[in-house]
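This is coords.csv (CSV, C-alpha atoms and all ligand atoms).
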chain,number,residue,atom,x,y,z
J,1,MET,CA,2.8,-1.9,16.1
J,2,SER,CA,1.5,-2.8,19.5
J,3,HIS,CA,2.9,-2.0,22.9
J,4,ASP,CA,3.4,-5.0,25.2
J,5,SER,CA,3.2,-3.8,28.8
J,6,THR,CA,3.7,-7.3,30.2
J,7,MET,CA,7.3,-7.5,29.2
J,8,GLN,CA,10.0,-7.1,31.9
J,9,SER,CA,12.5,-5.5,29.6
J,10,GLY,CA,12.1,-2.9,26.9
J,11,GLN,CA,10.0,-3.7,23.9
J,12,ARG,CA,12.2,-4.8,21.0
J,13,ILE,CA,11.6,-2.6,18.0
J,14,ASP,CA,11.3,-4.9,14.9
J,15,GLY,CA,13.0,-3.0,12.1
J,16,VAL,CA,12.6,-6.0,9.7
J,17,ALA,CA,8.8,-5.9,10.1
J,18,VAL,CA,8.6,-2.1,9.8
J,19,ALA,CA,10.9,-2.1,6.7
J,20,ARG,CA,8.7,-4.8,5.1
J,21,ALA,CA,5.6,-2.6,5.8
J,22,VAL,CA,7.3,0.4,4.2
J,23,ARG,CA,8.4,-1.7,1.2
J,24,ASP,CA,4.8,-3.0,0.8
J,25,ASP,CA,3.5,0.6,0.8
J,26,VAL,CA,6.2,1.5,-1.8
J,27,ALA,CA,5.2,-1.4,-4.0
J,28,ARG,CA,1.5,-0.3,-3.9
J,29,GLU,CA,2.6,3.2,-4.9
J,30,VAL,CA,4.8,1.9,-7.7
J,31,ALA,CA,1.8,-0.1,-9.1
J,32,ALA,CA,-0.3,3.0,-9.0
J,33,LEU,CA,2.3,5.0,-10.9
J,34,LYS,CA,2.8,2.2,-13.4
J,35,ALA,CA,-0.9,2.4,-14.1
J,36,LYS,CA,-0.4,6.0,-15.1
J,37,GLY,CA,2.6,5.0,-17.4
J,38,ILE,CA,5.4,5.9,-15.0
J,39,THR,CA,7.8,3.2,-13.9
J,40,PRO,CA,10.0,4.5,-11.1
J,41,GLY,CA,13.7,3.9,-11.8
J,42,LEU,CA,16.6,3.8,-9.5
J,43,THR,CA,20.2,3.7,-10.8
J,44,VAL,CA,23.0,2.8,-8.5
J,45,VAL,CA,26.6,3.5,-9.6
J,46,ILE,CA,29.5,1.7,-8.0
J,47,VAL,CA,33.1,2.4,-8.7
J,48,GLY,CA,35.6,-0.3,-7.7
J,49,GLU,CA,35.5,-3.8,-6.2
J,50,ASP,CA,35.0,-3.2,-2.4
J,51,PRO,CA,33.2,-6.4,-1.4
J,52,ALA,CA,30.9,-4.7,1.3
J,53,SER,CA,29.9,-2.0,-1.3
J,54,GLN,CA,29.2,-4.7,-3.9
J,55,SER,CA,26.9,-6.5,-1.5
J,56,TYR,CA,25.1,-3.2,-0.6
J,57,VAL,CA,24.4,-2.3,-4.2
J,58,LYS,CA,23.1,-5.9,-5.0
J,59,SER,CA,20.6,-5.5,-2.1
J,60,LYS,CA,19.5,-2.1,-3.4
J,61,GLU,CA,18.9,-3.4,-6.9
J,62,LYS,CA,17.1,-6.5,-5.7
J,63,ALA,CA,14.9,-4.4,-3.4
J,64,SER,CA,14.0,-1.9,-6.1
J,65,VAL,CA,13.1,-4.7,-8.5
J,66,GLU,CA,11.0,-6.5,-5.8
J,67,ALA,CA,9.0,-3.2,-5.4
J,68,GLY,CA,8.3,-3.2,-9.1
J,69,MET,CA,10.7,-0.5,-10.0
J,70,LYS,CA,13.3,-0.4,-12.8
J,71,GLY,CA,16.5,-1.2,-10.8
J,72,GLU,CA,19.8,-0.8,-12.5
J,73,THR,CA,23.4,-1.0,-11.3
J,74,ILE,CA,26.3,0.5,-13.3
J,75,ARG,CA,29.7,-0.9,-12.4
J,76,LEU,CA,32.8,1.2,-13.2
J,77,SER,CA,36.4,0.0,-12.6
J,78,GLU,CA,38.5,1.4,-9.8
J,79,GLU,CA,40.7,3.3,-12.2
J,80,THR,CA,37.8,5.2,-13.8
J,81,PRO,CA,38.7,8.9,-14.2
J,82,GLN,CA,36.4,11.3,-12.2
J,83,ALA,CA,35.4,13.1,-15.5
J,84,GLU,CA,34.0,9.8,-16.8
J,85,LEU,CA,31.9,9.3,-13.6
J,86,GLU,CA,30.7,12.9,-13.9
J,87,ALA,CA,29.8,12.4,-17.6
J,88,LEU,CA,27.8,9.3,-16.6
J,89,ILE,CA,25.9,11.3,-13.9
J,90,ASP,CA,25.1,14.0,-16.5
J,91,ARG,CA,23.6,11.3,-18.7
J,92,LEU,CA,21.5,9.9,-15.9
J,93,ASN,CA,20.4,13.4,-14.8
J,94,ALA,CA,19.1,13.9,-18.4
J,95,ASP,CA,17.4,10.4,-18.6
J,96,PRO,CA,13.7,10.7,-17.9
J,97,THR,CA,13.4,7.0,-17.1
J,98,VAL,CA,15.9,7.4,-14.1
J,99,HIS,CA,14.2,9.0,-11.1
J,100,GLY,CA,16.8,8.2,-8.4
J,101,ILE,CA,20.6,8.2,-8.7
J,102,LEU,CA,22.8,6.9,-6.0
J,103,VAL,CA,26.6,6.8,-6.1
J,104,GLN,CA,27.8,4.2,-3.6
J,105,SER,CA,30.4,5.3,-1.1
J,106,PRO,CA,33.3,5.0,-0.5
J,107,LEU,CA,34.7,6.3,-3.8
J,108,PRO,CA,38.3,5.5,-4.8
J,109,LYS,CA,40.9,7.8,-3.3
J,110,HIS,CA,41.5,9.7,-6.6
J,111,MET,CA,37.9,11.0,-6.6
J,112,ASP,CA,36.5,13.9,-4.8
J,113,ALA,CA,33.2,12.7,-3.2
J,114,ASN,CA,32.0,16.3,-2.6
J,115,THR,CA,32.2,17.2,-6.3
J,116,VAL,CA,30.5,14.0,-7.3
J,117,VAL,CA,27.5,14.4,-5.0
J,118,ARG,CA,27.1,18.0,-6.2
J,119,ARG,CA,26.9,16.7,-9.8
J,120,ILE,CA,23.7,14.7,-9.1
J,121,ALA,CA,20.5,16.7,-9.9
J,122,PRO,CA,19.0,17.5,-6.5
J,123,ASN,CA,15.6,16.1,-7.7
J,124,LYS,CA,17.2,12.7,-8.3
J,125,ASP,CA,19.5,12.7,-5.2
J,126,VAL,CA,17.5,10.0,-3.3
J,127,ASP,CA,20.4,9.6,-0.9
J,128,GLY,CA,19.8,13.1,0.3
J,129,PHE,CA,23.4,14.2,0.4
J,130,HIS,CA,23.4,17.1,-2.1
J,131,PRO,CA,23.7,20.5,-0.3
J,132,VAL,CA,20.3,21.5,-1.8
J,133,ASN,CA,18.6,18.6,-0.1
J,134,VAL,CA,20.6,19.2,3.1
J,135,GLY,CA,19.3,22.8,3.1
J,136,LYS,CA,15.7,21.8,2.3
J,137,LEU,CA,15.7,19.4,5.2
J,138,LEU,CA,17.0,22.1,7.6
J,139,ILE,CA,14.5,24.7,6.5
J,140,GLY,CA,11.6,22.2,6.4
J,141,GLU,CA,10.8,22.1,2.7
J,142,LYS,CA,9.1,18.8,2.1
J,143,ASP,CA,10.0,18.2,-1.5
J,144,GLY,CA,13.6,17.5,-0.8
J,145,PHE,CA,15.1,14.1,0.2
J,146,ALA,CA,16.3,13.2,3.7
J,147,PRO,CA,19.2,10.8,4.1
J,148,CYS,CA,17.8,7.3,4.4
J,149,THR,CA,19.3,6.1,7.7
J,150,PRO,CA,18.0,9.0,9.9
J,151,ALA,CA,14.7,9.0,7.9
J,152,GLY,CA,14.4,5.3,8.8
J,153,VAL,CA,14.9,6.1,12.5
J,154,GLN,CA,12.1,8.7,12.3
J,155,GLU,CA,9.9,6.2,10.5
J,156,LEU,CA,10.5,3.6,13.2
J,157,LEU,CA,9.4,6.0,15.9
J,158,VAL,CA,6.3,7.1,14.0
J,159,ARG,CA,5.2,3.5,13.1
J,160,TYR,CA,5.7,2.4,16.7
J,161,GLY,CA,3.4,5.2,17.9
J,162,ILE,CA,6.3,6.7,20.0
J,163,SER,CA,5.3,10.3,20.5
J,164,THR,CA,8.2,12.7,19.8
J,165,THR,CA,6.4,16.0,20.6
J,166,GLY,CA,8.3,17.9,23.3
J,167,LYS,CA,10.6,15.0,23.9
J,168,ASP,CA,14.2,15.5,24.9
J,169,VAL,CA,16.3,13.6,22.3
J,170,VAL,CA,20.0,13.1,22.7
J,171,ILE,CA,21.9,12.1,19.5
J,172,VAL,CA,25.4,10.7,20.0
J,173,GLY,CA,27.3,11.5,16.8
J,174,ARG,CA,27.4,14.5,14.4
J,175,SER,CA,28.2,12.9,11.0
J,176,ASN,CA,26.7,14.4,7.8
J,177,ILE,CA,25.1,11.0,7.0
J,178,VAL,CA,23.5,10.3,10.4
J,179,GLY,CA,23.8,12.7,13.4
J,180,LYS,CA,23.3,16.1,11.7
J,181,PRO,CA,20.4,15.1,9.5
J,182,MET,CA,18.8,13.2,12.4
J,183,ALA,CA,18.9,16.4,14.4
J,184,SER,CA,17.4,18.3,11.4
J,185,LEU,CA,14.5,15.8,11.1
J,186,LEU,CA,13.6,15.7,14.8
J,187,MET,CA,13.6,19.4,15.4
J,188,GLN,CA,11.1,20.1,12.5
J,189,GLN,CA,7.6,21.0,13.3
J,190,GLY,CA,5.0,18.3,12.9
J,191,ALA,CA,4.5,14.5,13.2
J,192,GLY,CA,7.7,12.7,14.1
J,193,GLY,CA,9.3,16.0,15.0
J,194,ASP,CA,8.9,18.8,17.6
J,195,CYS,CA,11.7,17.4,19.7
J,196,THR,CA,14.2,19.3,21.8
J,197,VAL,CA,17.4,18.0,20.3
J,198,THR,CA,20.9,17.8,21.8
J,199,VAL,CA,23.8,16.6,19.6
J,200,CYS,CA,26.8,15.0,21.3
J,201,HIS,CA,30.2,14.2,19.8
J,202,SER,CA,33.7,13.3,20.8
J,203,ARG,CA,34.3,16.7,22.4
J,204,THR,CA,31.2,16.5,24.6
J,205,ARG,CA,31.9,16.9,28.3
J,206,ASP,CA,30.2,14.1,30.3
J,207,LEU,CA,28.3,12.2,27.7
J,208,ALA,CA,26.4,10.1,30.3
J,209,ALA,CA,25.0,13.3,31.9
J,210,HIS,CA,23.3,14.1,28.6
J,211,THR,CA,22.1,10.6,27.7
J,212,ARG,CA,20.7,10.0,31.3
J,213,ARG,CA,18.2,12.9,31.0
J,214,ALA,CA,17.0,11.9,27.5
J,215,ASP,CA,13.6,10.6,26.6
J,216,ILE,CA,15.0,9.2,23.4
J,217,VAL,CA,18.7,8.3,22.9
J,218,ILE,CA,20.0,7.8,19.4
J,219,ALA,CA,23.4,6.2,19.3
J,220,ALA,CA,25.5,6.8,16.1
J,221,LEU,CA,29.1,7.1,17.2
J,222,GLY,CA,30.6,4.0,15.7
J,223,ARG,CA,32.0,2.6,19.0
J,224,PRO,CA,30.7,-0.9,19.7
J,225,GLU,CA,28.5,-1.3,22.8
J,226,SER,CA,29.7,1.9,24.3
J,227,ILE,CA,26.2,3.2,25.5
J,228,THR,CA,25.5,1.1,28.5
J,229,GLY,CA,22.3,0.7,30.6
J,230,ASP,CA,23.6,3.0,33.4
J,231,MET,CA,23.6,5.8,30.8
J,232,ILE,CA,19.9,5.4,30.0
J,233,ARG,CA,17.0,6.9,32.0
J,234,PRO,CA,14.5,4.2,33.0
J,235,GLY,CA,11.7,4.2,30.4
J,236,ALA,CA,13.7,6.0,27.7
J,237,VAL,CA,13.6,4.9,24.0
J,238,VAL,CA,16.9,3.7,22.7
J,239,ILE,CA,17.7,3.7,19.0
J,240,ASP,CA,21.0,2.1,18.0
J,241,VAL,CA,22.3,3.1,14.5
J,242,GLY,CA,25.7,1.6,15.1
J,243,ILE,CA,26.8,-1.5,13.3
J,244,SER,CA,30.3,-3.0,13.8
J,245,ARG,CA,31.9,-6.4,13.5
J,246,VAL,CA,33.5,-7.8,16.6
J,247,ASP,CA,35.6,-10.9,16.7
J,248,ASP,CA,33.7,-13.9,18.0
J,249,PRO,CA,35.3,-17.3,17.8
J,250,THR,CA,32.1,-19.0,18.9
J,251,ASP,CA,30.3,-17.7,15.7
J,252,LYS,CA,30.9,-19.8,12.5
J,253,ARG,CA,31.8,-16.6,10.6
J,254,GLY,CA,34.4,-15.7,13.3
J,255,TYR,CA,32.6,-12.4,14.1
J,256,ARG,CA,29.3,-11.0,15.1
J,257,LEU,CA,27.5,-7.7,14.5
J,258,VAL,CA,27.0,-5.4,17.4
J,259,GLY,CA,25.6,-1.9,17.7
J,260,ASP,CA,26.8,1.2,19.6
J,261,VAL,CA,24.5,0.3,22.5
J,262,HIS,CA,25.2,-2.5,25.0
J,263,TYR,CA,21.9,-4.2,24.3
J,264,GLU,CA,21.6,-6.5,27.3
J,265,SER,CA,22.1,-3.7,30.0
J,266,ALA,CA,20.2,-1.0,28.0
J,267,ALA,CA,17.2,-3.3,27.3
J,268,LYS,CA,16.7,-3.7,31.1
J,269,VAL,CA,15.9,0.0,31.6
J,270,ALA,CA,14.6,1.1,28.2
J,271,SER,CA,10.9,1.2,27.3
J,272,HIS,CA,11.7,0.4,23.6
J,273,ILE,CA,15.0,-0.6,22.0
J,274,THR,CA,16.3,-1.5,18.6
J,275,PRO,CA,18.4,-4.6,18.2
J,276,VAL,CA,21.5,-5.0,16.0
J,277,PRO,CA,21.0,-6.5,13.5
J,278,GLY,CA,17.3,-6.2,12.7
J,279,GLY,CA,16.7,-2.6,14.0
J,280,VAL,CA,17.7,0.5,12.1
J,281,GLY,CA,19.7,-1.4,9.4
J,282,PRO,CA,16.8,-2.8,7.3
J,283,MET,CA,15.1,0.7,7.3
J,284,THR,CA,17.9,2.3,5.2
J,285,ILE,CA,17.0,0.5,1.9
J,286,ALA,CA,13.3,0.8,2.6
J,287,MET,CA,13.6,4.6,2.9
J,288,LEU,CA,15.8,4.7,-0.3
J,289,LEU,CA,12.8,3.0,-2.1
J,290,LYS,CA,10.4,5.5,-0.5
J,291,ASN,CA,12.5,8.4,-1.7
J,292,THR,CA,12.8,7.0,-5.2
J,293,VAL,CA,9.0,6.5,-5.6
J,294,ARG,CA,8.5,10.1,-4.4
J,295,ALA,CA,11.1,11.3,-6.9
J,296,ALA,CA,9.2,9.6,-9.7
J,297,ARG,CA,5.9,11.0,-8.4
J,298,GLN,CA,7.3,14.5,-8.3
J,299,ALA,CA,8.9,14.2,-11.7
J,300,GLY,CA,5.5,13.0,-13.2
J,301,ALA,CA,3.5,15.7,-11.5
D,401,LIG,P1,31.2,8.7,11.8
D,401,LIG,O1,32.5,8.0,12.3
D,401,LIG,O2,31.2,9.5,10.6
D,401,LIG,O3,30.8,9.7,13.0
D,401,LIG,C1,30.8,9.3,14.4
D,401,LIG,C2,30.4,10.4,15.2
D,401,LIG,O4,30.5,10.0,16.6
D,401,LIG,C3,31.3,11.6,15.1
D,401,LIG,O5,30.5,12.8,15.1
D,401,LIG,C4,32.2,11.6,16.4
D,401,LIG,O6,32.5,12.8,17.0
D,401,LIG,C5,31.2,10.9,17.4
D,401,LIG,N1,31.9,10.1,18.4
D,401,LIG,C6,33.0,9.3,18.2
D,401,LIG,N2,33.4,8.8,19.4
D,401,LIG,C7,32.6,9.4,20.4
D,401,LIG,C8,32.6,9.3,21.8
D,401,LIG,N3,33.4,8.5,22.4
D,401,LIG,N4,31.7,10.0,22.4
D,401,LIG,C9,30.8,10.8,21.7
D,401,LIG,N5,30.8,10.9,20.4
D,401,LIG,C10,31.7,10.2,19.7
D,401,LIG,O7,30.1,7.6,11.8
D,401,LIG,P2,28.7,7.5,11.0
D,401,LIG,O8,27.8,8.5,11.5
D,401,LIG,O9,29.0,7.3,9.6
D,401,LIG,O10,28.2,6.1,11.6
D,401,LIG,C11,28.0,5.8,13.0
D,401,LIG,C12,27.6,4.4,13.2
D,401,LIG,O11,26.4,4.1,12.5
D,401,LIG,C13,28.6,3.4,12.6
D,401,LIG,O12,28.7,2.2,13.5
D,401,LIG,C14,28.1,3.0,11.3
D,401,LIG,O13,28.5,1.7,10.9
D,401,LIG,C15,26.6,3.0,11.5
D,401,LIG,N6,25.8,3.3,10.3
D,401,LIG,C16,24.8,2.4,10.1
D,401,LIG,C17,24.0,2.6,9.0
D,401,LIG,C18,22.8,1.7,8.8
D,401,LIG,O14,22.4,1.0,9.7
D,401,LIG,N7,22.2,1.7,7.7
D,401,LIG,C19,24.2,3.7,8.0
D,401,LIG,C20,25.2,4.6,8.5
D,401,LIG,C21,26.0,4.4,9.6
D,401,LIG,P3,33.5,13.9,16.2
D,401,LIG,O15,32.6,14.5,15.2
D,401,LIG,O16,33.9,14.8,17.3
D,401,LIG,O17,34.6,13.1,15.6
Could you take the file, read its structure, and then write that structure out as structure tokens?
Amino acid sequence: MSHDSTMQSGQRIDGVAVARAVRDDVAREVAALKAKGITPGLTVVIVGEDPASQSYVKSKEKASVEAGMKGETIRLSEETPQAELEALIDRLNADPTVHGILVQSPLPKHMDANTVVRRIAPNKDVDGFHPVNVGKLLIGEKDGFAPCTPAGVQELLVRYGISTTGKDVVIVGRSNIVGKPMASLLMQQGAGGDCTVTVCHSRTRDLAAHTRRADIVIAALGRPESITGDMIRPGAVVIDVGISRVDDPTDKRGYRLVGDVHYESAAKVASHITPVPGGVGPMTIAMLLKNTVRAARQAGA
């Protein structure tokens, strides 16, 4: 990816293009594995009818098939007892044609998500939420799986040639799916890491004082357009993980998608900035495919 020094405002980081490049790399690796008799397989399990979740799982299956993998979606009814879901996971854990297992969240209220995620074999947990993978990420063991959204943010930085070494990074948000694993990734030694990381959250005193001194700001707080340009140091890199619907009567859908960053004001001061949509979002599925192909490679090794 090239840097454009002639632009007045920050360079827009094109997540669609980077995700496409990652998916092309994955497809090449799938072809190489198939030549050795291994077809990487991703099985997505969805429980219930939540329309947003149904659309996410469709995209995941489509993307895995496009990359040449065996993509499968197993749909269970909302009333499925947890024991039945666990028995299915046991079967998938034992199936050598399944290399990656993902149980779509949220699960129905009668299920305990923590127990379900612990049931997935860590070497097939391509979502990276099993405590074994969380631990491997923290201690820097490379054969585990990092959660796809923060891994996608790191991939964007690396592929745009944005150096992270010694940089002050401020992450806003400390969830288990974004903020905490993001901090684990960026503090590790090596390419795409070696950052000095600060993690802010709802109890942080004076959030702007932290973001204003950051070389890289990563917004994952789930509050639309709350990180504004005056909170960004001129020349900083701004990564917006947030994605929310806000009412917009001028849009034919009646809403539009916005991030946690106020794009217009932040783009005026940032050196690089991700848009919403089209920034971090497309990276999540690309990294899921990347994790799955590595799971298949590691299983075949
Ligand atoms: P959570 O709601 O789980 O976590 C939000 C975090 O932000 C919490 O740690 C919370 O602090 C912190 N926070 C909330 N308000 C403030 C505030 N005013 N100041 C500072 N910190 C605050 O959200 P997620 O991590 O799941 O998601 C964050 C955003 O990213 C959402 O918009 C979500 O839709 C989006 N997302 C996008 C993905 C993608 O693009 N593929 C994937 C996952 C998420 P505390 O811990 O104290 O409550």
Using all atoms listed in the file, find each residue in chain J having at least one atom no more than 9 Å away from ligand LIG 401 (chain D); report its shortest atom-to-atom pair and that distance in Å (one decimal), rows by chain then rising number, as a tab-separated table.
residue	atom	partner	partner_atom	distance
J:Cys148	CA	D:LIG401	N7	7.8
J:Thr149	CA	D:LIG401	N7	5.3
J:Pro150	CA	D:LIG401	C19	8.4
J:Gly152	CA	D:LIG401	N7	8.7
J:Val172	CA	D:LIG401	N5	5.4
J:Gly173	CA	D:LIG401	O4	3.5
J:Arg174	CA	D:LIG401	O5	3.6
J:Ser175	CA	D:LIG401	O8	4.4
J:Asn176	CA	D:LIG401	O8	7.1
J:Ile177	CA	D:LIG401	O8	5.8
J:Val178	CA	D:LIG401	O8	4.8
J:Gly179	CA	D:LIG401	O8	6.1
J:Lys180	CA	D:LIG401	O5	8.6
J:Val199	CA	D:LIG401	O5	8.9
J:Cys200	CA	D:LIG401	N5	5.8
J:His201	CA	D:LIG401	N5	3.4
J:Ser202	CA	D:LIG401	N5	3.8
J:Arg203	CA	D:LIG401	O16	5.5
J:Thr204	CA	D:LIG401	C9	6.4
J:Leu207	CA	D:LIG401	C9	6.6
J:Ala219	CA	D:LIG401	C12	7.6
J:Ala220	CA	D:LIG401	C11	4.1
J:Leu221	CA	D:LIG401	O4	3.3
J:Gly222	CA	D:LIG401	O12	3.4
J:Arg223	CA	D:LIG401	N2	6.4
J:Pro224	CA	D:LIG401	O12	7.2
J:Ser226	CA	D:LIG401	N3	7.8
J:Asp240	CA	D:LIG401	O11	8.0
J:Val241	CA	D:LIG401	O11	4.7
J:Gly242	CA	D:LIG401	O12	3.5
J:Ile243	CA	D:LIG401	O12	4.2
J:Ser244	CA	D:LIG401	O12	5.4
J:Val258	CA	D:LIG401	O12	8.7
J:Gly259	CA	D:LIG401	O12	6.6
J:Asp260	CA	D:LIG401	O12	6.5
J:Val276	CA	D:LIG401	O14	8.7
J:Pro277	CA	D:LIG401	O14	8.5
J:Gly279	CA	D:LIG401	O14	8.0
J:Val280	CA	D:LIG401	O14	5.3
J:Gly281	CA	D:LIG401	O14	3.6
J:Pro282	CA	D:LIG401	N7	7.0
J:Met283	CA	D:LIG401	N7	7.2
J:Thr284	CA	D:LIG401	N7	5.0
J:Ile285	CA	D:LIG401	N7	7.9
Q: May I have the residues within 10 Å of Pro131 of chain J as a PyMOL selection string, using only C-alpha atoms and disregarding those fewer than 6 positions away in the same chain?
A: chain J and resi 114+117-118+122+137
Keeping only C-alpha atoms, take the residues you just selected and write them out as an mmCIF file, in the coordinates of the input.
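Result written to selection.cif:
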data_model
loop_
_atom_site.group_PDB
_atom_site.id
_atom_site.type_symbol
_atom_site.label_atom_id
_atom_site.label_comp_id
_atom_site.auth_asym_id
_atom_site.auth_seq_id
_atom_site.Cartn_x
_atom_site.Cartn_y
_atom_site.Cartn_z
ATOM 1 C CA ASN J 114 32.000 16.300 -2.600
ATOM 2 C CA VAL J 117 27.500 14.400 -5.000
ATOM 3 C CA ARG J 118 27.100 18.000 -6.200
ATOM 4 C CA PRO J 122 19.000 17.500 -6.500
ATOM 5 C CA LEU J 137 15.700 19.400 5.200
#
Using only C-alpha atoms, can you list as an mmCIF file with C-alpha atoms, keeping the file's coordinate frame the residues within 10 Å of (40.1, 7.9, -9.7)?
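In the end it all went to result.cif:
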data_model
loop_
_atom_site.group_PDB
_atom_site.id
_atom_site.type_symbol
_atom_site.label_atom_id
_atom_site.label_comp_id
_atom_site.auth_asym_id
_atom_site.auth_seq_id
_atom_site.Cartn_x
_atom_site.Cartn_y
_atom_site.Cartn_z
ATOM 1 C CA VAL J 47 33.100 2.400 -8.700
ATOM 2 C CA GLY J 48 35.600 -0.300 -7.700
ATOM 3 C CA SER J 77 36.400 0.000 -12.600
ATOM 4 C CA GLU J 78 38.500 1.400 -9.800
ATOM 5 C CA GLU J 79 40.700 3.300 -12.200
ATOM 6 C CA THR J 80 37.800 5.200 -13.800
ATOM 7 C CA PRO J 81 38.700 8.900 -14.200
ATOM 8 C CA GLN J 82 36.400 11.300 -12.200
ATOM 9 C CA ALA J 83 35.400 13.100 -15.500
ATOM 10 C CA GLU J 84 34.000 9.800 -16.800
ATOM 11 C CA LEU J 85 31.900 9.300 -13.600
ATOM 12 C CA LEU J 107 34.700 6.300 -3.800
ATOM 13 C CA PRO J 108 38.300 5.500 -4.800
ATOM 14 C CA LYS J 109 40.900 7.800 -3.300
ATOM 15 C CA HIS J 110 41.500 9.700 -6.600
ATOM 16 C CA MET J 111 37.900 11.000 -6.600
ATOM 17 C CA ASP J 112 36.500 13.900 -4.800
#
Q) Excluding same-chain residues fewer than 4 positions from segment 23-39 of chain J, what lies within 6 Å of it counting all atoms listed in the file, as number ranges by chain? A) J: 67, 286, 290
For the residues in the current selection, export C-alpha atoms as an mmCIF file, keeping the file's coordinate frame.
data_model
loop_
_atom_site.group_PDB
_atom_site.id
_atom_site.type_symbol
_atom_site.label_atom_id
_atom_site.label_comp_id
_atom_site.auth_asym_id
_atom_site.auth_seq_id
_atom_site.Cartn_x
_atom_site.Cartn_y
_atom_site.Cartn_z
ATOM 1 C CA ALA J 67 9.000 -3.200 -5.400
ATOM 2 C CA ALA J 286 13.300 0.800 2.600
ATOM 3 C CA LYS J 290 10.400 5.500 -0.500
#
Q: Would you mind reading off the distance between atom CA of Val269 of chain J and atom CA of Leu186 of chain J, one decimal, in Å?
A: 23.1 Å
Q.
Taking (30.8, -10.6, 16.4) as a centre in this file's frame and 7 Å as the limit, can you find every polymer residue with an atom that close, using only C-alpha atoms, and give them as a list in words?
A. Arg245, Val246, Asp247, Asp248, Gly254, Tyr255, Arg256, Leu257 and Val258 of chain J
Using C-alpha atoms, can you write the selected residues to a file as a PDB file, in the frame of the given file?
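Printed below is selection39.pdb as written:
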ATOM      1  CA  ARG J 245      31.900  -6.400  13.500  1.00  0.00           C
ATOM      2  CA  VAL J 246      33.500  -7.800  16.600  1.00  0.00           C
ATOM      3  CA  ASP J 247      35.600 -10.900  16.700  1.00  0.00           C
ATOM      4  CA  ASP J 248      33.700 -13.900  18.000  1.00  0.00           C
ATOM      5  CA  GLY J 254      34.400 -15.700  13.300  1.00  0.00           C
ATOM      6  CA  TYR J 255      32.600 -12.400  14.100  1.00  0.00           C
ATOM      7  CA  ARG J 256      29.300 -11.000  15.100  1.00  0.00           C
ATOM      8  CA  LEU J 257      27.500  -7.700  14.500  1.00  0.00           C
ATOM      9  CA  VAL J 258      27.000  -5.400  17.400  1.00  0.00           C
TER      10      VAL J 258
END
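The two atoms in question, atom CA of Thr73 of chain J and atom CA of Gly41 of chain J, are spaced 10.9 Å apart.
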(Q) Could you tell me how far atom CA of Pro147 of chain J sits from atom CA of Ile232 of chain J, in Å to one decimal place? (A)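 The value is 26.5 Å.
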Q) Thr115 of chain J: which residues within 10 Å, counting all atoms listed in the file, same-chain residues fewer than 5 positions away excluded, as a list in words? A) Gln82, Glu86, Ile120 and His130 of chain J
Q) Which residue out of J:His272, J:Arg91, J:Ala19, J:Thr196 has the minimum interatomic distance to Glu155 of chain J when all atoms listed in the file are used? A)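 Looking only at the distances to Glu155 of chain J, the closest residue turns out to be J:Ala19.
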